[in-house]
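To keep things clear, I will list the structure first and then write my remarks on it.
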Amino acid sequence: KKRIFSGVQPSGNLTIGNYLGAIKNWIPMQDEFECLYCVVDLHTLTVRQNPAELRQRSLNLLALYMACGLDPQKCILFLQSHVSAHSELAWILNCYTYMGELNRMTQFKDKSAKHSDNINAGLFTYPVLMAADILLYQTELVPIGQDQKQHLEIARDIAERFNNVYGDTFTIPEPYIPKIGAKIMSLQEPEKKMSKSDENENAYVFILDKEDAVLRKFKRAVTDSEREIRYDEVNKPGVSNLISIYSAVTGKTFSDIEKEFDGRSYGDLKEVAGQSVAEMLRPVQQKYNDLTANKDYLNSILKENSEKAAYMARKTLSKVQRKIGLLPRS
Ligand code: ATP
Ligand code: MG
């Protein structure tokens, strides 16, 4: 079985972008692959966090993973900070990564423009920690959205560089990008991706948003001044985003949707798409509420799963330490 690693930051409430672009696609993979799904809490430290909230959000994200259908019997669900090998390997890989490579990362440019009061070194070396996350588990496939493609590319480069110097050490990971719903755009600025850390709350729909909020946000979605419902990313980004969300939720093709809405109004499309999303979220929210009521259970899952992950990670880390000349602990 091929091995898969992926993760989400507990940096805020998850959006339907995270769901349709990431987690939803992870569910069927559980049966086909050996999967590790991580709550990447260390990554969130690149932006200042409220400690109590971060703790809460990390545990809640585990509950949300499970509410979406990830099964801790079938895959390994754990917290990044519970497996110290992530930080240890990240430091080593920092020394095999060039400033010039990191300088090219568009996420660094975007995020440092947004958080100009706190452009810390962690924000800059974020892709190296992500490389460590992936390479530690000898990951073969990484399901990611388009926004993470550049980061996976750098993980591959670092792995190849290391392998060239020390011989085969890391598996070179491949991206696994699903075709439909791979990128959900902001409802307010449809040329930008939907992001859980957007300042404008009408830009995103949270997985945990109540039905009336979902419908309201869809109603306010930005479209264009024409009337025709047609998929055209370049000239009609807002309408195209609504079509692609509706398609990702229902499995209908773009051309079927265009036929369904032939002669109908933008208002109809917003309402139908919004309703389909609300319906999709209902069972997830129900399960989430049940799970978060039982913190002990969630903590026991974390303990058991992080032990499994740590065992796998340790194997790679020891190999790396030995190859580069660190004296083994005996
Ligand atoms: P942040 O703004 O804090 O970076 P985010 O919404 O981008 O939050 P991440 O935790 O960075 O979320 O990403 C988690 C996963 O969700 C990644 O696999 C990423 O590719 C995917 N993802 C994030 N936003 C979208 C989106 N708008 N459409 C599709 N997939 C997305
Ligand atoms: Mg992101």
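Order determines the names: the first chain of the structure tokens is A, the second B, and so forth; residues in each chain are numbered 1 upward, and ligands are numbered 1 upward as they are shown.
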With stretch 261-278 of chain A as the partner and 10 Å as the cut-off, tabulate the residues of stretch 155-214 of chain A that qualify, each row holding the nearest pair of atoms and their distance in Å to one decimal, using only C-alpha atoms, sorted by chain and rising number, as a tab-separated table.
residue	atom	partner	partner_atom	distance
A:Val205	CA	A:Val277	CA	9.2
A:Ile207	CA	A:Ala278	CA	9.0
A:Leu208	CA	A:Ala278	CA	9.8
A:Asp209	CA	A:Ala278	CA	8.5
A:Lys210	CA	A:Ala278	CA	7.9
A:Glu211	CA	A:Ala278	CA	5.5
A:Asp212	CA	A:Ala278	CA	8.6
A:Ala213	CA	A:Ala278	CA	9.3
A:Val214	CA	A:Gly274	CA	6.3
Selection file, C-alpha atoms, as an mmCIF file, in the first residue's frame:
data_model
loop_
_atom_site.group_PDB
_atom_site.id
_atom_site.type_symbol
_atom_site.label_atom_id
_atom_site.label_comp_id
_atom_site.auth_asym_id
_atom_site.auth_seq_id
_atom_site.Cartn_x
_atom_site.Cartn_y
_atom_site.Cartn_z
ATOM 1 C CA VAL A 205 -18.091 29.442 4.616
ATOM 2 C CA ILE A 207 -17.739 23.799 7.897
ATOM 3 C CA LEU A 208 -19.398 24.624 11.211
ATOM 4 C CA ASP A 209 -21.465 27.583 9.954
ATOM 5 C CA LYS A 210 -25.191 27.337 10.707
ATOM 6 C CA GLU A 211 -27.534 26.912 7.777
ATOM 7 C CA ASP A 212 -28.743 30.538 7.784
ATOM 8 C CA ALA A 213 -25.155 31.833 7.730
ATOM 9 C CA VAL A 214 -24.310 29.519 4.843
#
Under the rule of at most 10 Å, produce a per-residue listing of chain A near ligand 1: chain, number, name, the closest pair of atoms, and the distance in Å, as a tab-separated table, using only C-alpha atoms and all ligand atoms.
residue	atom	partner	partner_atom_place_in_ligand_line	distance
A:Ser6	CA	ligand 1	18 (O)	6.9
A:Gly7	CA	ligand 1	14 (C)	6.3
A:Val8	CA	ligand 1	10 (O)	3.9
A:Gln9	CA	ligand 1	10 (O)	3.9
A:Pro10	CA	ligand 1	10 (O)	6.8
A:Ser11	CA	ligand 1	3 (O)	5.2
A:Gly12	CA	ligand 1	3 (O)	6.8
A:Asn13	CA	ligand 1	6 (O)	8.6
A:Leu14	CA	ligand 1	6 (O)	6.7
A:Thr15	CA	ligand 1	6 (O)	6.6
A:Ile16	CA	ligand 1	26 (C)	7.6
A:Gly17	CA	ligand 1	26 (C)	3.8
A:Asn18	CA	ligand 1	16 (O)	3.9
A:Tyr19	CA	ligand 1	16 (O)	7.1
A:Leu20	CA	ligand 1	29 (C)	6.3
A:Gly21	CA	ligand 1	30 (N)	3.5
A:Ala22	CA	ligand 1	18 (O)	5.0
A:Ile23	CA	ligand 1	16 (O)	7.5
A:Val39	CA	ligand 1	10 (O)	8.8
A:Val40	CA	ligand 1	10 (O)	7.9
A:Asp41	CA	ligand 1	10 (O)	9.6
A:His43	CA	ligand 1	10 (O)	8.8
A:Thr44	CA	ligand 1	3 (O)	7.4
A:Thr46	CA	ligand 1	3 (O)	9.9
A:Val47	CA	ligand 1	3 (O)	8.9
A:Gln107	CA	ligand 1	4 (O)	8.5
A:Lys111	CA	ligand 1	4 (O)	8.6
A:Val142	CA	ligand 1	18 (O)	8.8
A:Pro143	CA	ligand 1	18 (O)	6.6
A:Ile144	CA	ligand 1	18 (O)	4.1
A:Gly145	CA	ligand 1	20 (O)	3.2
A:Gln146	CA	ligand 1	20 (O)	6.0
A:Asp147	CA	ligand 1	20 (O)	5.4
A:Gln148	CA	ligand 1	20 (O)	5.3
A:Lys149	CA	ligand 1	20 (O)	8.1
A:Ile177	CA	ligand 1	20 (O)	9.0
A:Pro178	CA	ligand 1	29 (C)	9.9
A:Ile180	CA	ligand 1	29 (C)	9.9
A:Gly181	CA	ligand 1	29 (C)	6.7
A:Ala182	CA	ligand 1	29 (C)	5.1
A:Lys183	CA	ligand 1	28 (N)	3.6
A:Ile184	CA	ligand 1	28 (N)	3.8
A:Met185	CA	ligand 1	27 (N)	5.3
A:Ser186	CA	ligand 1	27 (N)	7.1
A:Lys192	CA	ligand 1	27 (N)	8.2
A:Lys193	CA	ligand 1	27 (N)	4.5
A:Met194	CA	ligand 1	27 (N)	3.9
A:Ser195	CA	ligand 1	6 (O)	3.8
A:Lys196	CA	ligand 1	6 (O)	4.3
A:Ser197	CA	ligand 1	2 (O)	4.4
A:Asp198	CA	ligand 1	2 (O)	6.7
A:Tyr204	CA	ligand 1	27 (N)	8.7
A:Ile245	CA	ligand 1	28 (N)	9.8
Legend entry - d(atom CA of A:Arg282, atom CA of A:Ala63) in Å: 15.1 Å
Inset, instruction - Would you mind reading off the distance between atom CA of A:Asn50 and atom CA of A:Asn118, one decimal, in Å? - result: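 Spanning atom CA of A:Asn50 to atom CA of A:Asn118 is a straight-line distance of 14.9 Å.
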Inset, instruction - Run DSSP on the backbone and give me the residues of stretch 26-241 of chain A it puts in alpha helix (DSSP H), as a PyMOL selection string. - result: chain A and resi 26-32+41-44+51-67+85-94+99-103+106-114+121-135+149-166+211-219+237-241
Legend entry - Shell around A:Glu160 at 12 Å using only C-alpha atoms, local window under 3 positions removed, as an MDAnalysis selection string: chainID A and resid 93 96:97 131 135 153:157 163:173
Inset, instruction - May I ask which of the residues A:Gln150, A:Gln321, A:Thr253, A:Ser240 is the closest one to ligand 2, counting only C-alpha atoms and all ligand atoms? - result: A:Gln150
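For the choices A:Tyr126, A:Tyr137, A:Tyr176, A:Tyr297, the atom-to-atom distance to A:Asn94 is smallest for A:Tyr126 when using only C-alpha atoms.
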Inset, instruction - List every residue of stretch 44-234 of chain A that DSSP, applied to the backbone, labels as strand (DSSP E), and write the result as a PyMOL selection string. - result: chain A and resi 76-79+141-143+174-176
Serialized selection, C-alpha atoms, as an mmCIF file, in the first residue's frame:
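Dumped to result_17.cif:
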data_model
loop_
_atom_site.group_PDB
_atom_site.id
_atom_site.type_symbol
_atom_site.label_atom_id
_atom_site.label_comp_id
_atom_site.auth_asym_id
_atom_site.auth_seq_id
_atom_site.Cartn_x
_atom_site.Cartn_y
_atom_site.Cartn_z
ATOM 1 C CA ILE A 76 -3.170 7.624 11.861
ATOM 2 C CA LEU A 77 -4.626 10.874 13.211
ATOM 3 C CA PHE A 78 -2.239 12.879 15.343
ATOM 4 C CA LEU A 79 -0.784 16.218 16.406
ATOM 5 C CA LEU A 141 1.702 10.654 -2.170
ATOM 6 C CA VAL A 142 0.715 14.025 -0.742
ATOM 7 C CA PRO A 143 -2.869 15.124 -1.361
ATOM 8 C CA GLU A 174 4.450 12.956 -5.493
ATOM 9 C CA PRO A 175 1.560 15.437 -5.403
ATOM 10 C CA TYR A 176 -1.933 14.011 -5.514
#
Legend entry - For A:Tyr231, the nearest of the candidates A:Phe254, A:Tyr311, A:Tyr37, A:Tyr98, counting only C-alpha atoms: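 Looking at the shortest contact to A:Tyr231, the residue is A:Phe254.
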